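**Student:** So I've got this file, data.cif, and it contains mmCIF, C-alpha atoms:
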data_my_file
loop_
_atom_site.label_atom_id
_atom_site.label_comp_id
_atom_site.auth_asym_id
_atom_site.auth_seq_id
_atom_site.Cartn_x
_atom_site.Cartn_y
_atom_site.Cartn_z
CA MET X 239 182.47 173.66 -4.09
CA LEU X 240 182.26 170.83 -1.61
CA ARG X 241 179.96 167.97 -2.57
CA ARG X 242 178.76 165.01 -0.56
CA VAL X 243 180.23 161.66 -1.63
CA ALA X 244 179.12 159.61 1.40
CA GLU X 245 177.58 160.21 4.79
CA GLY X 246 179.84 162.64 6.61
CA VAL X 247 182.35 162.78 3.74
CA LEU X 248 182.65 165.70 1.31
CA ALA X 249 185.02 166.33 -1.59
CA HIS X 250 186.27 169.26 -3.64
CA GLN X 251 187.89 168.84 -7.06
CA SER X 252 190.39 171.35 -8.43
CA GLU X 253 189.98 172.72 -11.93
CA LEU X 254 193.52 171.84 -12.95
CA LEU X 255 194.72 168.24 -12.50
CA GLN X 256 191.38 167.24 -10.93
CA ASN X 257 192.91 167.03 -7.44
CA ASN X 258 190.42 165.74 -4.89
CA THR X 259 190.41 167.33 -1.45
CA VAL X 260 188.53 165.24 1.11
CA VAL X 261 186.62 166.46 4.17
CA VAL X 262 185.62 164.01 6.91
CA GLN X 263 183.16 165.38 9.42
CA GLY X 264 183.84 164.64 13.08
CA ARG X 265 182.36 165.62 16.43
CA ALA X 266 184.14 168.93 16.93
CA GLY X 267 185.24 169.72 13.38
CA VAL X 268 186.61 168.14 10.22
CA LEU X 269 189.62 166.21 9.04
CA LEU X 270 190.96 167.80 5.83
CA VAL X 271 192.92 165.53 3.50
CA ASP X 272 195.18 166.83 0.70
CA PRO X 273 193.86 170.41 0.37
CA GLY X 274 194.67 172.26 -2.80
CA ILE X 275 195.73 173.33 -5.19
CA THR X 276 195.43 177.13 -5.60
CA GLY X 277 194.99 179.79 -2.98
CA ASP X 278 191.51 180.64 -4.26
CA GLU X 279 190.45 176.99 -4.09
CA MET X 280 191.66 176.59 -0.53
CA VAL X 281 189.91 179.81 0.50
CA ALA X 282 186.72 178.50 -1.14
CA ILE X 283 187.01 175.28 0.87
CA ALA X 284 187.47 177.29 4.06
CA ASP X 285 184.42 179.42 3.18
CA ASP X 286 182.30 176.33 2.47
CA LEU X 287 183.28 174.86 5.82
CA ARG X 288 182.48 178.08 7.60
CA LYS X 289 179.00 178.10 6.02
CA LEU X 290 178.55 174.57 7.34
CA GLY X 291 179.60 175.70 10.80
CA GLN X 292 182.69 173.50 10.64
CA SER X 293 186.32 174.19 11.44
CA VAL X 294 189.39 172.15 10.55
CA VAL X 295 190.65 170.21 13.58
CA ALA X 296 193.19 168.01 11.75
CA GLY X 297 194.83 167.71 8.36
CA PHE X 298 196.48 164.80 6.59
CA SER X 299 198.76 164.56 3.57
CA THR X 300 198.64 161.21 1.81
CA HIS X 301 202.16 161.67 0.43
CA PRO X 302 204.86 164.30 -0.08
CA ASP X 303 204.14 165.46 -3.64
CA TRP X 304 203.79 169.25 -3.87
CA ASP X 305 200.05 169.19 -4.59
CA HIS X 306 199.31 167.15 -1.46
CA VAL X 307 201.21 169.17 1.16
CA LEU X 308 199.69 172.60 0.59
CA TRP X 309 197.84 174.70 3.15
CA HIS X 310 196.30 178.15 3.56
CA ALA X 311 196.01 180.37 6.62
CA LYS X 312 192.23 180.49 6.12
CA LEU X 313 192.14 176.77 6.94
CA GLY X 314 193.42 177.44 10.46
CA GLU X 315 196.28 176.08 12.53
CA ALA X 316 195.20 172.49 13.05
CA PRO X 317 197.92 169.81 13.22
CA ARG X 318 198.75 168.47 9.77
CA TYR X 319 199.71 164.81 9.86
CA GLY X 320 201.42 162.42 7.53
CA THR X 321 203.33 159.18 7.86
CA ALA X 322 206.77 159.32 9.44
CA ARG X 323 208.37 158.77 6.02
CA CYS X 324 206.26 161.50 4.43
CA ALA X 325 207.23 163.99 7.12
CA ALA X 326 210.90 163.02 6.93
CA TYR X 327 210.89 163.64 3.16
CA MET X 328 209.39 167.08 3.72
CA ARG X 329 211.87 167.97 6.49
CA ASP X 330 214.73 167.06 4.18
CA LEU X 331 213.30 169.18 1.37
CA LEU X 332 212.60 172.17 3.59
CA SER X 333 216.12 172.02 5.06
CA ASN X 334 217.47 173.29 1.74
CA ALA X 335 217.85 177.05 1.56
CA ASP X 336 216.49 177.06 -1.99
CA TRP X 337 213.53 174.74 -1.35
CA LYS X 338 210.95 177.29 -2.45
CA ALA X 339 212.67 177.80 -5.80
CA ARG X 340 212.87 174.02 -6.28
CA VAL X 341 209.18 173.58 -5.58
CA ALA X 342 208.20 176.55 -7.74
CA GLU X 343 210.04 175.03 -10.70
CA GLY X 344 207.78 171.99 -10.52
CA LEU X 345 204.49 173.88 -10.40
CA PRO X 346 202.30 173.91 -13.50
CA PRO X 347 202.83 177.31 -15.15
CA GLN X 348 199.08 177.91 -15.28
CA ILE X 349 198.90 178.15 -11.48
CA ALA X 350 202.46 178.92 -10.40
CA GLU X 351 201.49 182.42 -9.26
CA GLU X 352 198.30 181.20 -7.61
CA THR X 353 199.73 178.44 -5.40
CA PRO X 354 200.82 179.72 -1.96
CA LEU X 355 203.94 178.13 -0.49
CA ASP X 356 204.16 179.94 2.86
CA LEU X 357 202.70 176.95 4.75
CA PHE X 358 203.98 174.33 2.35
CA GLY X 359 205.01 170.94 3.71
CA LEU X 360 204.65 171.60 7.44
CA ILE X 361 203.74 168.00 8.21
CA THR X 362 203.85 166.34 11.62
CA GLY X 363 204.98 162.76 11.21
CA LEU X 364 202.98 160.16 13.06
CA PRO X 365 205.05 157.50 14.84
CA ALA X 366 206.10 154.65 12.58
CA GLU X 367 203.52 151.89 12.34
CA THR X 368 200.69 154.22 13.46
CA THR X 369 197.48 152.74 12.08
CA GLN X 370 194.91 155.40 12.95
CA ILE X 371 194.71 159.19 12.65
CA PRO X 372 194.56 160.77 16.13
CA TRP X 373 191.43 162.88 16.06
CA ASP X 374 187.94 163.13 17.57
CA GLY X 375 185.96 161.70 14.67
CA PRO X 376 185.21 158.49 12.78
CA LYS X 377 188.04 155.97 12.89
CA VAL X 378 190.36 156.57 9.95
CA ARG X 379 192.74 153.68 9.33
CA ILE X 380 196.13 154.46 7.80
CA ILE X 381 197.26 151.99 5.14
CA GLU X 382 200.88 152.86 4.44
CA HIS X 383 202.79 151.57 1.42
CA GLN X 384 205.68 152.64 -0.81
CA ALA X 385 203.99 152.90 -4.21
CA HIS X 386 204.32 156.22 -6.06
CA ALA X 387 206.10 158.10 -3.26
CA GLN X 388 207.89 157.59 0.04
CA GLY X 389 205.51 157.22 2.96
CA HIS X 390 202.40 157.11 0.81
CA ALA X 391 199.20 156.25 2.68
CA ALA X 392 195.64 155.38 1.83
CA LEU X 393 192.95 156.15 4.40
CA LEU X 394 190.01 153.88 5.16
CA ILE X 395 187.14 155.73 6.86
CA GLU X 396 185.67 152.57 8.27
CA GLU X 397 182.30 153.82 9.53
CA ARG X 398 181.64 155.55 6.21
CA ARG X 399 183.04 152.73 4.03
CA VAL X 400 185.13 155.27 2.14
CA LEU X 401 188.69 154.71 0.89
CA VAL X 402 190.91 157.72 0.14
CA VAL X 403 193.73 156.41 -2.02
CA GLY X 404 196.02 159.36 -2.76
CA ASP X 405 197.77 159.19 -6.12
CA MET X 406 196.57 155.73 -7.10
CA LEU X 407 193.55 154.20 -8.84
CA SER X 408 192.93 157.21 -11.09
CA ASP X 409 190.87 157.11 -14.27
CA VAL X 410 193.00 159.89 -15.78
CA LEU X 411 196.51 159.09 -14.52
CA ILE X 412 198.42 155.87 -15.07
CA PRO X 413 200.28 154.34 -12.13
CA MET X 414 203.26 156.63 -11.60
CA LEU X 415 206.08 154.66 -10.03
CA ASP X 416 208.70 155.90 -7.59
CA LEU X 417 211.64 155.20 -9.85
CA SER X 418 214.10 156.16 -7.10
CA ALA X 419 213.03 153.08 -5.11
CA ALA X 420 214.96 149.81 -5.13
CA ASP X 421 212.05 147.88 -6.64
CA PRO X 422 209.33 150.27 -7.86
CA ILE X 423 207.39 147.53 -9.66
CA GLU X 424 207.01 145.29 -6.61
CA ASP X 425 206.32 148.31 -4.38
CA TYR X 426 203.38 149.18 -6.60
CA LEU X 427 202.03 145.65 -6.88
CA ALA X 428 202.30 145.24 -3.11
CA ALA X 429 200.31 148.45 -2.58
CA LEU X 430 197.60 147.25 -4.96
CA ARG X 431 197.35 144.05 -2.93
CA LEU X 432 196.88 146.09 0.23
CA LEU X 433 194.08 148.11 -1.36
CA GLU X 434 192.50 144.97 -2.76
CA GLY X 435 192.55 143.51 0.73
CA VAL X 436 190.18 146.20 2.04
CA ALA X 437 188.02 146.51 -1.08
CA GLY X 438 185.27 144.46 0.52
CA ASP X 439 184.90 147.15 3.19
CA VAL X 440 184.48 149.99 0.69
CA ASP X 441 181.45 151.52 -1.02
CA VAL X 442 183.17 154.70 -2.27
CA PHE X 443 186.78 155.41 -3.18
CA ILE X 444 188.36 158.79 -3.82
CA PRO X 445 191.56 159.00 -5.87
CA GLY X 446 193.97 161.90 -5.64
CA HIS X 447 193.08 162.85 -9.21
CA GLY X 448 190.05 162.01 -11.31
CA SER X 449 186.66 160.48 -10.72
CA VAL X 450 185.21 159.29 -7.44
CA GLY X 451 183.95 155.71 -7.83
CA GLY X 452 181.99 152.94 -6.21
CA ALA X 453 182.81 149.38 -5.18
CA GLU X 454 182.72 147.94 -8.71
CA GLN X 455 184.87 150.74 -10.11
CA LEU X 456 187.36 150.21 -7.28
CA ARG X 457 187.98 146.60 -8.19
CA ALA X 458 188.08 147.42 -11.90
CA GLN X 459 190.62 150.19 -11.30
CA ILE X 460 192.82 147.90 -9.22
CA ASP X 461 192.76 145.36 -12.05
CA GLN X 462 193.54 148.03 -14.64
CA ASP X 463 196.44 149.43 -12.66
CA ARG X 464 197.84 145.98 -11.98
CA ALA X 465 197.69 145.14 -15.69
CA TYR X 466 199.55 148.35 -16.52
CA VAL X 467 202.32 147.71 -13.98
CA GLN X 468 202.70 144.07 -15.01
CA ALA X 469 202.97 145.11 -18.66
CA LEU X 470 205.80 147.47 -17.71
CA ARG X 471 207.47 144.72 -15.71
CA ASP X 472 207.23 142.23 -18.56
CA HIS X 473 208.23 144.74 -21.26
CA GLN X 474 204.94 144.25 -23.05
CA VAL X 475 202.97 146.73 -25.11
CA VAL X 476 200.70 148.68 -22.79
CA ASN X 477 197.06 148.70 -23.78
CA ASP X 478 195.56 151.29 -21.46
CA PRO X 479 192.84 153.86 -22.23
CA ARG X 480 194.72 156.52 -20.26
CA VAL X 481 197.61 156.37 -22.73
CA GLY X 482 197.58 157.34 -26.39
CA PRO X 483 194.70 158.57 -28.54
CA SER X 484 192.08 157.23 -26.12
CA ALA X 485 193.27 159.53 -23.30
CA LYS X 486 190.77 162.05 -22.00
CA PRO X 487 191.01 165.52 -23.57
CA GLY X 488 193.57 167.58 -21.71
CA TRP X 489 195.38 164.50 -20.41
CA GLU X 490 197.34 163.62 -23.54
CA TRP X 491 200.57 164.42 -21.64
CA VAL X 492 200.10 161.22 -19.64
CA SER X 493 201.49 159.37 -22.66
CA ASP X 494 204.76 161.23 -22.14
CA VAL X 495 204.80 160.09 -18.51
CA HIS X 496 204.27 156.51 -19.63
CA ASN X 497 207.02 156.69 -22.25
CA GLY X 498 209.42 158.15 -19.69
CA GLN X 499 208.66 155.42 -17.16
CA ALA X 500 209.05 152.66 -19.72
CA GLN X 501 212.38 154.10 -20.89
CA ARG X 502 213.80 154.44 -17.39
CA LEU X 503 212.72 150.94 -16.42
CA ALA X 504 214.35 149.57 -19.57
CA GLN X 505 217.55 151.40 -18.66
CA ARG X 506 217.44 149.89 -15.16
CA SER X 507 217.02 146.42 -16.61
CA GLU X 508 219.92 146.93 -18.98
CA ARG X 509 222.09 148.30 -16.17
CA ASP X 510 221.19 145.45 -13.81
CA GLY X 511 221.62 142.84 -16.51
CA ALA X 512 218.19 141.26 -15.99
CA PRO X 513 214.57 142.22 -16.49
CA ARG X 514 212.73 143.50 -13.43
#
In structure tokens, write the structure found in this file.

**Tutor:**
Amino acid sequence: MLRRVAEGVLAHQSELLQNNTVVVQGRAGVLLVDPGITGDEMVAIADDLRKLGQSVVAGFSTHPDWDHVLWHAKLGEAPRYGTARCAAYMRDLLSNADWKARVAEGLPPQIAEETPLDLFGLITGLPAETTQIPWDGPKVRIIEHQAHAQGHAALLIEERRVLVVGDMLSDVLIPMLDLSAADPIEDYLAALRLLEGVAGDVDVFIPGHGSVGGAEQLRAQIDQDRAYVQALRDHQVVNDPRVGPSAKPGWEWVSDVHNGQAQRLAQRSERDGAPR
């Protein structure tokens, strides 16, 4: 069910993984950000919009992870945007004859049969350095960075003072680095600085997974994520409530993600001959 999080901004949270789909109301329809993650959930979003007398006039994917590039025919045929890097990643993936099998392997088994892939990843890349989503609604500023995934973007809905951050600043997920990048630590810290730079213009932030928060929670989450990444960088013991016995029920697997990241970063440091 869609719920109001700010004036003209609605959100829907999935049962599994707590994915947040964001709806921004415009003049002629809505902007739909990161819809998902099962067919039934996307149909429910479409039904809720229909009851509101709204249609989807544009979509946006914050980054090219599978759970952020989904779509359903019930949502219509609006253009689905992403950054140029996000779209390029998806084009490369979809150019493989076995792309559907690759994606299916990465789906959580609980919903593998319930996640439609027919319209998966059909993203139109906006020209490089584009700073605003082209649509007839409130100005939505694109804040692109390289933390977590190639072509990742946060969206600042300026008139509504709402920040959509994609897969960052979550109260259930630790910072998940793009370990294929040349410098994943600095990429992440640089992205946090970008988000911190607009924090004064934000009353509500919406992460890709987890709880929607206010201005105070935004700054606290930035600080928490920075502390986590710096601890990884400095090879220190991580003291984070999202990892270990303090993790929220159902999210204990995040500790495995942390251990894997720490191990791979240690291997990079050993290979490069110096700490990163």

**Student:** Of the residues X:Arg241, X:Arg480, X:Arg398, X:Arg318, which is the one nearest to X:Leu270, using all atoms listed in the file?

**Tutor:**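 Closest candidate: X:Arg318.
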
**Student:** Which one is closest to X:Val442: X:Leu503, X:Leu470, X:Val247, X:Val281? Count all atoms listed in the file.

**Tutor:**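 Residue with the minimum atom-to-atom distance to X:Val442: X:Val247.
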
**Student:** I would like the residues chosen by the PyMOL selection byres ((chain X and resi 356) around 12) on the shown file; could you give them as a PDB file with C-alpha atoms, in the coordinates of the input?

**Tutor:**
ATOM      1  CA  GLY X 277     194.990 179.790  -2.980  1.00  0.00           C
ATOM      2  CA  VAL X 307     201.210 169.170   1.160  1.00  0.00           C
ATOM      3  CA  LEU X 308     199.690 172.600   0.590  1.00  0.00           C
ATOM      4  CA  TRP X 309     197.840 174.700   3.150  1.00  0.00           C
ATOM      5  CA  HIS X 310     196.300 178.150   3.560  1.00  0.00           C
ATOM      6  CA  ALA X 311     196.010 180.370   6.620  1.00  0.00           C
ATOM      7  CA  LEU X 332     212.600 172.170   3.590  1.00  0.00           C
ATOM      8  CA  TRP X 337     213.530 174.740  -1.350  1.00  0.00           C
ATOM      9  CA  LYS X 338     210.950 177.290  -2.450  1.00  0.00           C
ATOM     10  CA  VAL X 341     209.180 173.580  -5.580  1.00  0.00           C
ATOM     11  CA  ALA X 342     208.200 176.550  -7.740  1.00  0.00           C
ATOM     12  CA  THR X 353     199.730 178.440  -5.400  1.00  0.00           C
ATOM     13  CA  PRO X 354     200.820 179.720  -1.960  1.00  0.00           C
ATOM     14  CA  LEU X 355     203.940 178.130  -0.490  1.00  0.00           C
ATOM     15  CA  LEU X 357     202.700 176.950   4.750  1.00  0.00           C
ATOM     16  CA  PHE X 358     203.980 174.330   2.350  1.00  0.00           C
ATOM     17  CA  GLY X 359     205.010 170.940   3.710  1.00  0.00           C
ATOM     18  CA  LEU X 360     204.650 171.600   7.440  1.00  0.00           C
TER      19      LEU X 360
END

**Student:** Could you please determine the separation between atom CA of X:Ser252 and atom CA of X:Val402 in Å, to one decimal place?

**Tutor:** 16.1 Å

**Student:** With only C-alpha atoms as the atoms that count, which of X:Ala339, X:Ala391, X:Val243, X:Ile275 lies nearest to X:Cys324?

**Tutor:**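 Going through X:Ala339, X:Ala391, X:Val243, X:Ile275 one by one, the smallest distance to X:Cys324 is for X:Ala391.
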
**Student:** My list of candidates is X:Ile283, X:Val271, X:Ala504, X:Leu345. Which is closest to X:Thr259 when distances are computed with only C-alpha atoms?

**Tutor:** X:Val271

**Student:** For each of X:Asp405, X:Asp461, X:Asp374, X:Asp472, take the minimum atom-to-atom distance to X:Leu269, counting all atoms listed in the file, then give the residue where this is smallest.

**Tutor:**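 The closest residue to X:Leu269 is X:Asp374.
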
**Student:** Quick one: of X:Gln251, X:Thr369, X:Asn477, X:Thr321, who's nearest to X:Thr300, counting all atoms listed in the file?

**Tutor:**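 Among X:Gln251, X:Thr369, X:Asn477, X:Thr321, it is X:Thr321 that comes nearest to X:Thr300.
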
**Student:** What does the structure give for the distance between atom CA of X:Tyr319 and atom CA of X:Phe298, in Å to one decimal?

**Tutor:**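 Going from atom CA of X:Tyr319 over to atom CA of X:Phe298, I get 4.6 Å.
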
**Student:** Within 12 Å of X:Leu254, counting all atoms listed in the file, which residues show up once you throw out same-chain ones fewer than 2 positions away? Write them as a VMD selection string, please.

**Tutor:** chain X and resid 251 to 252 256 to 258 274 to 276 279 305 345 to 350 352 to 353 447 to 448 488 to 489

**Student:** What does the distance between atom CA of X:Ile423 and atom CA of X:Arg471 come to in Å, to one decimal place?

**Tutor:**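 One can read the atom CA of X:Ile423 to atom CA of X:Arg471 distance as 6.7 Å.
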